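Peer 1: Sharing start.txt (compact mmCIF, C-alpha atoms and all ligand atoms) below.
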# COMPACT_ATOMS: atom_id res chain seq x y z
CA MET E 1 0.00 0.00 0.00
CA LYS E 2 1.40 3.40 -0.98
CA LYS E 3 1.95 5.96 1.74
CA PRO E 4 -0.64 8.71 2.06
CA VAL E 5 0.50 12.07 0.68
CA LEU E 6 -0.13 15.30 2.57
CA ILE E 7 -0.10 18.44 0.42
CA ILE E 8 0.93 21.43 2.51
CA GLY E 9 2.01 25.03 2.15
CA ASN E 10 4.95 27.01 3.51
CA LYS E 11 5.96 25.92 7.00
CA ASN E 12 6.60 29.49 8.07
CA TYR E 13 3.11 30.68 7.20
CA SER E 14 0.59 27.89 6.78
CA SER E 15 -1.12 27.26 10.09
CA TRP E 16 -3.71 24.83 8.66
CA SER E 17 -0.92 22.79 7.08
CA LEU E 18 0.79 22.58 10.47
CA ARG E 19 -2.36 21.23 12.13
CA ALA E 20 -2.72 18.32 9.69
CA TRP E 21 1.03 17.62 9.49
CA LEU E 22 1.47 17.58 13.28
CA LEU E 23 -1.55 15.35 13.72
CA LEU E 24 -0.12 12.74 11.32
CA LYS E 25 3.35 12.97 12.91
CA ALA E 26 2.03 12.75 16.47
CA PHE E 27 -0.06 9.67 15.67
CA ASP E 28 2.81 7.93 13.84
CA VAL E 29 1.22 7.93 10.40
CA ASP E 30 3.85 7.20 7.74
CA PHE E 31 3.21 9.76 5.00
CA GLU E 32 4.91 11.76 2.27
CA GLU E 33 4.83 15.53 2.01
CA GLN E 34 4.07 17.46 -1.15
CA PHE E 35 4.84 21.15 -0.98
CA ILE E 36 3.03 24.02 -2.66
CA ASP E 37 4.80 27.36 -2.40
CA LEU E 38 1.95 29.70 -1.49
CA LEU E 39 4.18 32.71 -2.26
CA ASP E 40 4.83 31.61 -5.84
CA PRO E 41 2.92 33.68 -8.43
CA LEU E 42 1.72 30.37 -9.92
CA ALA E 43 0.38 29.11 -6.57
CA ALA E 44 -3.27 29.79 -7.45
CA SER E 45 -3.22 27.45 -10.45
CA VAL E 46 -1.25 24.75 -8.57
CA LEU E 47 -3.73 24.96 -5.68
CA GLN E 48 -6.65 24.78 -8.06
CA ALA E 49 -5.22 21.67 -9.68
CA ASN E 50 -4.68 19.91 -6.34
CA SER E 51 -7.47 21.04 -4.06
CA PRO E 52 -11.25 21.39 -4.51
CA THR E 53 -11.14 24.51 -2.31
CA SER E 54 -7.82 25.81 -3.71
CA LYS E 55 -6.50 25.55 -0.18
CA VAL E 56 -4.10 23.32 1.73
CA PRO E 57 -3.87 20.92 3.50
CA VAL E 58 -5.11 18.07 1.31
CA LEU E 59 -4.54 14.39 2.05
CA LEU E 60 -4.35 11.85 -0.77
CA GLN E 61 -4.55 8.11 -0.24
CA ASP E 62 -4.17 5.47 -2.92
CA ASN E 63 -7.31 3.31 -2.96
CA GLY E 64 -6.12 0.80 -5.60
CA ASP E 65 -7.39 0.42 -9.19
CA SER E 66 -6.13 3.92 -10.04
CA ASP E 67 -8.51 5.41 -7.47
CA THR E 68 -7.25 8.07 -5.06
CA ILE E 69 -9.13 9.14 -1.97
CA LYS E 70 -8.87 12.89 -1.52
CA VAL E 71 -9.54 14.56 1.84
CA TRP E 72 -9.45 18.34 2.04
CA ASP E 73 -9.77 20.60 5.07
CA SER E 74 -7.84 20.02 8.29
CA LEU E 75 -10.87 18.88 10.28
CA ALA E 76 -11.82 16.27 7.68
CA ILE E 77 -8.20 15.08 7.63
CA ALA E 78 -8.35 14.70 11.42
CA ILE E 79 -11.55 12.63 11.21
CA TYR E 80 -10.18 10.50 8.34
CA THR E 81 -6.96 9.92 10.31
CA ASN E 82 -8.96 8.79 13.32
CA ASP E 83 -11.10 6.47 11.18
CA TYR E 84 -8.44 4.91 8.92
CA LEU E 85 -4.83 5.84 9.64
CA THR E 86 -4.16 5.27 13.34
CA LYS E 87 -5.11 2.90 16.15
CA THR E 88 -5.06 5.83 18.57
CA ASP E 89 -8.30 7.64 19.34
CA ILE E 90 -7.19 11.15 18.39
CA TRP E 91 -9.82 12.76 20.69
CA SER E 92 -8.41 11.21 23.86
CA GLY E 93 -4.89 10.02 22.97
CA HIS E 94 -5.80 6.51 24.17
CA ASN E 95 -5.80 3.29 22.17
CA SER E 96 -9.02 3.12 20.08
CA PHE E 97 -9.80 -0.38 21.33
CA GLU E 98 -9.68 0.92 24.91
CA THR E 99 -11.86 3.92 24.15
CA ASP E 100 -14.40 1.71 22.34
CA ASN E 101 -14.64 -0.32 25.54
CA GLU E 102 -14.22 2.79 27.73
CA THR E 103 -11.78 0.72 29.82
CA ASP E 104 -8.07 0.98 30.55
CA ASN E 105 -6.46 -2.24 29.27
CA GLU E 106 -3.93 -2.41 32.11
CA THR E 107 -6.07 -1.59 35.12
CA LYS E 108 -9.31 -3.01 33.61
CA GLN E 109 -11.01 0.00 35.18
CA PRO E 110 -13.31 2.37 33.30
CA TYR E 111 -11.44 5.47 32.13
CA PRO E 112 -12.45 8.35 34.38
CA ASN E 113 -13.78 11.38 32.45
CA LEU E 114 -13.34 9.73 29.04
CA LYS E 115 -16.63 10.96 27.57
CA THR E 116 -16.31 14.40 29.17
CA ASP E 117 -12.74 14.85 27.90
CA ARG E 118 -13.58 13.63 24.38
CA ALA E 119 -16.59 15.97 24.23
CA TYR E 120 -14.43 18.88 25.43
CA CYS E 121 -11.69 17.99 22.95
CA GLN E 122 -14.15 17.80 20.04
CA SER E 123 -15.71 21.11 21.07
CA ILE E 124 -12.45 23.07 21.26
CA VAL E 125 -11.20 21.59 17.99
CA ALA E 126 -14.45 22.70 16.32
CA GLU E 127 -14.20 26.09 18.05
CA MET E 128 -10.65 26.52 16.73
CA HIS E 129 -11.67 25.42 13.26
CA SER E 130 -14.53 27.91 13.00
CA GLY E 131 -13.45 30.82 15.17
CA PHE E 132 -10.69 32.99 16.63
CA MET E 133 -10.83 35.43 13.71
CA GLY E 134 -9.37 38.22 15.89
CA ILE E 135 -6.16 36.35 16.59
CA ARG E 136 -5.97 35.03 13.03
CA SER E 137 -6.24 38.47 11.53
CA ASP E 138 -3.94 40.34 13.98
CA MET E 139 -1.36 37.58 14.37
CA PRO E 140 -0.77 35.73 11.09
CA MET E 141 1.55 32.77 11.59
CA ASN E 142 5.18 33.70 11.02
CA VAL E 143 7.27 31.10 12.80
CA ILE E 144 10.70 32.66 12.40
CA GLU E 145 9.97 36.26 13.39
CA LYS E 146 9.37 38.17 16.62
CA LEU E 147 6.84 40.90 15.79
CA CYS E 148 5.27 43.78 17.71
CA ILE E 149 1.60 44.58 17.05
CA GLU E 150 -1.16 46.69 18.60
CA PRO E 151 -3.70 43.93 19.26
CA THR E 152 -7.36 44.75 18.65
CA ALA E 153 -10.03 44.05 21.26
CA ALA E 154 -11.14 41.03 19.16
CA CYS E 155 -7.62 39.60 19.30
CA LEU E 156 -7.33 40.17 23.07
CA ASN E 157 -10.76 38.54 23.58
CA ASP E 158 -9.57 35.52 21.60
CA ILE E 159 -6.39 35.27 23.68
CA ALA E 160 -8.47 35.47 26.88
CA ARG E 161 -10.74 32.67 25.62
CA ILE E 162 -7.72 30.54 24.68
CA GLU E 163 -6.17 31.09 28.11
CA CYS E 164 -9.46 30.03 29.68
CA ILE E 165 -9.46 26.80 27.59
CA PHE E 166 -5.84 26.06 28.52
CA ALA E 167 -6.50 26.70 32.22
CA GLU E 168 -9.58 24.46 32.27
CA CYS E 169 -7.86 21.63 30.41
CA LEU E 170 -4.63 21.77 32.38
CA ALA E 171 -6.08 22.21 35.88
CA ASN E 172 -4.98 19.30 38.10
CA ARG E 173 -2.53 17.95 35.50
CA PRO E 174 1.28 17.77 35.81
CA VAL E 175 3.11 20.90 34.60
CA ASP E 176 4.35 19.31 31.37
CA SER E 177 0.98 17.87 30.27
CA TYR E 178 -0.70 18.28 26.95
CA LEU E 179 -4.28 19.56 27.09
CA PHE E 180 -5.76 16.17 27.97
CA GLY E 181 -2.63 14.56 29.44
CA GLY E 182 -1.27 12.71 26.39
CA PHE E 183 -1.16 14.37 22.96
CA THR E 184 -4.57 14.71 21.25
CA VAL E 185 -5.85 16.41 18.12
CA ALA E 186 -6.61 19.47 20.28
CA ASP E 187 -2.87 20.03 20.77
CA ALA E 188 -2.37 19.83 16.99
CA PHE E 189 -5.15 22.35 16.40
CA PHE E 190 -3.81 24.78 19.03
CA ALA E 191 -0.15 24.40 17.94
CA PRO E 192 -0.31 27.43 15.60
CA ILE E 193 -1.60 29.51 18.53
CA VAL E 194 1.49 28.55 20.52
CA LEU E 195 3.73 29.60 17.62
CA ARG E 196 1.80 32.85 17.19
CA LEU E 197 2.18 33.65 20.91
CA GLN E 198 5.91 32.97 20.53
CA THR E 199 6.05 35.43 17.62
CA TYR E 200 3.88 38.22 19.03
CA ALA E 201 3.15 38.03 22.79
CA GLN E 202 6.41 39.16 24.38
CA ALA E 203 7.30 41.56 21.55
CA SER E 204 3.87 43.19 21.92
CA GLU E 205 3.91 43.16 25.75
CA ILE E 206 0.86 40.89 25.91
CA GLU E 207 0.82 39.39 29.42
CA LEU E 208 0.07 35.67 29.52
CA LYS E 209 -0.95 33.50 32.47
CA LEU E 210 1.68 31.18 33.95
CA ILE E 211 -0.28 28.10 32.87
CA THR E 212 -0.36 29.40 29.27
CA LYS E 213 3.41 29.93 29.29
CA GLN E 214 3.96 26.45 30.75
CA TYR E 215 1.79 24.85 28.07
CA CYS E 216 3.63 26.81 25.36
CA GLN E 217 6.94 25.49 26.75
CA THR E 218 5.62 21.91 26.66
CA MET E 219 4.51 22.33 23.05
CA LEU E 220 7.76 24.03 21.99
CA ARG E 221 9.68 21.03 23.42
CA ASN E 222 7.67 18.64 21.21
CA PRO E 223 10.18 17.18 18.68
CA HIS E 224 7.72 17.45 15.76
CA ILE E 225 7.03 21.12 16.48
CA GLN E 226 10.79 21.68 16.72
CA ALA E 227 11.26 19.94 13.35
CA TRP E 228 8.51 22.11 11.81
CA GLN E 229 10.18 25.28 13.12
CA GLU E 230 13.57 24.18 11.83
CA ALA E 231 12.04 23.53 8.39
CA ALA E 232 10.44 27.00 8.51
CA ARG E 233 13.89 28.48 9.19
CA GLN E 234 15.30 26.50 6.25
CA GLU E 235 12.68 28.09 3.99
CA HIS E 236 14.30 31.42 4.93
CA PRO E 237 18.04 30.60 5.12
CA LYS E 238 19.11 34.12 6.13
CA ASN E 239 17.53 33.50 9.55
N1 LIG B 1 -10.68 25.45 6.58
C1 LIG B 1 -9.45 25.09 5.91
C2 LIG B 1 -8.56 26.31 5.82
C3 LIG B 1 -7.39 26.08 4.86
C4 LIG B 1 -6.63 27.36 4.53
O1 LIG B 1 -7.12 28.48 4.72
N2 LIG B 1 -5.39 27.17 4.02
C5 LIG B 1 -4.57 28.28 3.58
C6 LIG B 1 -3.12 28.09 4.06
S1 LIG B 1 -2.98 28.14 5.81
C7 LIG B 1 -4.47 28.27 2.07
O2 LIG B 1 -4.43 27.24 1.45
N3 LIG B 1 -4.38 29.45 1.47
C8 LIG B 1 -4.15 29.55 0.05
C9 LIG B 1 -4.92 30.62 -0.57
O3 LIG B 1 -5.88 31.08 0.06
O4 LIG B 1 -4.56 31.01 -1.67
C10 LIG B 1 -8.80 23.93 6.68
O5 LIG B 1 -9.17 23.71 7.83
O6 LIG B 1 -7.95 23.21 6.13
Could you express the structure from this file as structure tokens?
Ligand SMILES: N[C@@H](CCC(=O)N[C@@H](CS)C(=O)NCC(=O)O)C(=O)O

Peer 2:
Amino acid sequence: MKKPVLIIGNKNYSSWSLRAWLLLKAFDVDFEEQFIDLLDPLAASVLQANSPTSKVPVLLQDNGDSDTIKVWDSLAIAIYTNDYLTKTDIWSGHNSFETDNETDNETKQPYPNLKTDRAYCQSIVAEMHSGFMGIRSDMPMNVIEKLCIEPTAACLNDIARIECIFAECLANRPVDSYLFGGFTVADAFFAPIVLRLQTYAQASEIELKLITKQYCQTMLRNPHIQAWQEAARQEHPKN
């Protein structure tokens, strides 16, 4: 079986590409990358040829008999990954067999809070996918820079909401936890926020809560996020 192919944009700029890429990496999916340079004057025609929405990411999987399954949009890629590409339940980070049975294989005990955590995870992933326009418009992803902005009220409201989500998820967890303990799709969807805070927060004197800073540190230590940042720097060799 051929490896799935993930079509992505520039690692310095494409936040939706990062979400899908990180998800596949974190859940050990063996895939190939295909790059579209979004800054190239010909990008529009290349996007049009590869994506029904003319946007990245797009996931392609060989389905035999010259048939290729095409999945566009980061949220659809997450759902497809959960259904077909990994044995981990991406909404909880646990083994799918265990979550189907709602029982920890080792202890044979029901997982505490499994349904509540999965529902929360699904809700914040959907919220990220459809919202946070203030932060998206004031703080476009730019991995390699440190930039000072005057954040609008909409952006500050979005940051406050994100800090509230982080605080609720991380309450009563060890300092170096992901949002639900182990890595879930929520961490992949909030990864671009962490990189945006790295680019803009300190340079713009935006005060963040301790728990937000701790979560950002945890994410920035993730080897896949480090590899993504390094690749973003390679796209711009002068940095
Ligand atoms: N809702 C889409 C958003 C995808 C999106 O906006 N991708 C941007 C890159 S981050 C893109 O392809 N932009 C190209 C263009 O608009 O020309 C998803 O979740 O995948």

Peer 1: May I ask which of the residues E:Met1, E:Val56, E:Tyr215, E:Lys11 is the closest one to Phe31 of chain E, counting all atoms listed in the file?

Peer 2: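 Using all atoms listed in the file, the shortest distance to Phe31 of chain E belongs to E:Met1.
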
Peer 1: Got a sec to check which residues lie within 9 Å of ligand LIG 1 (chain B), using all atoms listed in the file, and send them as a VMD selection string?

Peer 2: chain E and resid 8 to 10 13 to 20 38 to 39 43 to 44 47 51 53 to 58 72 to 77 129 to 130 141

Peer 1: From (-15.5, 18.7, 17.8), in the file's coordinates, out to 12 Å: which residues are reached, counting all atoms listed in the file? Answer as a list of chain:residue names.

Peer 2: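 Selection result: E:Leu75, E:Ala76, E:Ala78, E:Ile79, E:Ile90, E:Trp91, E:Ser92, E:Asp117, E:Arg118, E:Ala119, E:Tyr120, E:Cys121, E:Gln122, E:Ser123, E:Ile124, E:Val125, E:Ala126, E:Glu127, E:Met128, E:His129, E:Ser130, E:Val185, E:Ala186, E:Phe189.
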
Peer 1: So what do you get for atom CA of Glu145 of chain E versus atom CA of Asp28 of chain E, distance-wise?

Peer 2: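 Between atom CA of Glu145 of chain E and atom CA of Asp28 of chain E the gap works out to 29.2 Å.
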
Peer 1: May I have the protein, DNA and RNA residues with an atom at most 7 Å from (-7.2, 31.2, 15.2), counting only C-alpha atoms in the file's coordinates, returned as a list in words?

Peer 2: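 Every residue inside that radius is included here: Met128, Gly131, Phe132, Met133, Ile135, Arg136 and Ile193 of chain E.
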
Peer 1: Show me, as a list in words, the residues that have an atom within 10 Å of segment 61-67 of chain E when counting only C-alpha atoms, minus same-chain residues fewer than 4 positions from it.

Peer 2: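 Here the answer would be Met1, Lys2, Lys3, Pro4, Val5, Leu6, Phe31 and Val71 of chain E.
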
Peer 1: Suppose we keep C-alpha atoms; can you now write the selection as an mmCIF file, in the coordinates of the input?

Peer 2:
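Generated file (out-v4.cif):
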data_model
loop_
_atom_site.group_PDB
_atom_site.id
_atom_site.type_symbol
_atom_site.label_atom_id
_atom_site.label_comp_id
_atom_site.auth_asym_id
_atom_site.auth_seq_id
_atom_site.Cartn_x
_atom_site.Cartn_y
_atom_site.Cartn_z
ATOM 1 C CA MET E 1 0.000 0.000 0.000
ATOM 2 C CA LYS E 2 1.400 3.400 -0.980
ATOM 3 C CA LYS E 3 1.950 5.960 1.740
ATOM 4 C CA PRO E 4 -0.640 8.710 2.060
ATOM 5 C CA VAL E 5 0.500 12.070 0.680
ATOM 6 C CA LEU E 6 -0.130 15.300 2.570
ATOM 7 C CA PHE E 31 3.210 9.760 5.000
ATOM 8 C CA VAL E 71 -9.540 14.560 1.840
#

Peer 1: Identify which of the residues E:Asn95, E:Thr199, E:Gln229, E:Gln109 lies closest to Asp138 of chain E, counting all atoms listed in the file when measuring atom-to-atom distances.

Peer 2: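 Among E:Asn95, E:Thr199, E:Gln229, E:Gln109, it is E:Thr199 that comes nearest to Asp138 of chain E.
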
Peer 1: With all atoms listed in the file as the atoms that count, which of E:Gln214, E:Asn113, E:Asn101, E:Thr107 lies nearest to Ala167 of chain E?

Peer 2: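 Of all the options, E:Gln214 lies closest to Ala167 of chain E.
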
Peer 1: Return the single residue from E:Ile159, E:Ile7, E:Thr116, E:Asn12 that is closest to Arg233 of chain E, with distances computed using all atoms listed in the file.

Peer 2: E:Asn12

Peer 1: Provide an axis-aligned box for all listed atoms of segment 183-191 of chain E, padding each side by 4 Å; report its centre and its edge lengths in Å to one decimal, as JSON.

Peer 2:
{"center_x": -3.4, "center_y": 19.6, "center_z": 19.7, "size_x": 14.5, "size_y": 18.4, "size_z": 14.6}

Peer 1: Which residue gives the smallest distance to Glu207 of chain E among E:Glu102, E:Asp37, E:Thr88, E:Leu156, with only C-alpha atoms counted?

Peer 2: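 Of E:Glu102, E:Asp37, E:Thr88, E:Leu156, the one nearest Glu207 of chain E is E:Leu156, counting only C-alpha atoms.
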
Peer 1: Which value, in Å to one decimal, gives the distance between atom CA of Val29 of chain E and atom CA of Ile165 of chain E?

Peer 2: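 Atom-to-atom, atom CA of Val29 of chain E to atom CA of Ile165 of chain E, that is 27.7 Å.
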
Peer 1: Just want the 12 Å neighbourhood of Arg221 of chain E, counted on all atoms listed in the file, with same-chain residues fewer than 5 positions away dropped. Output as an MDAnalysis selection string.

Peer 2: chainID E and resid 176:178 191 194:195 214:216 226:229
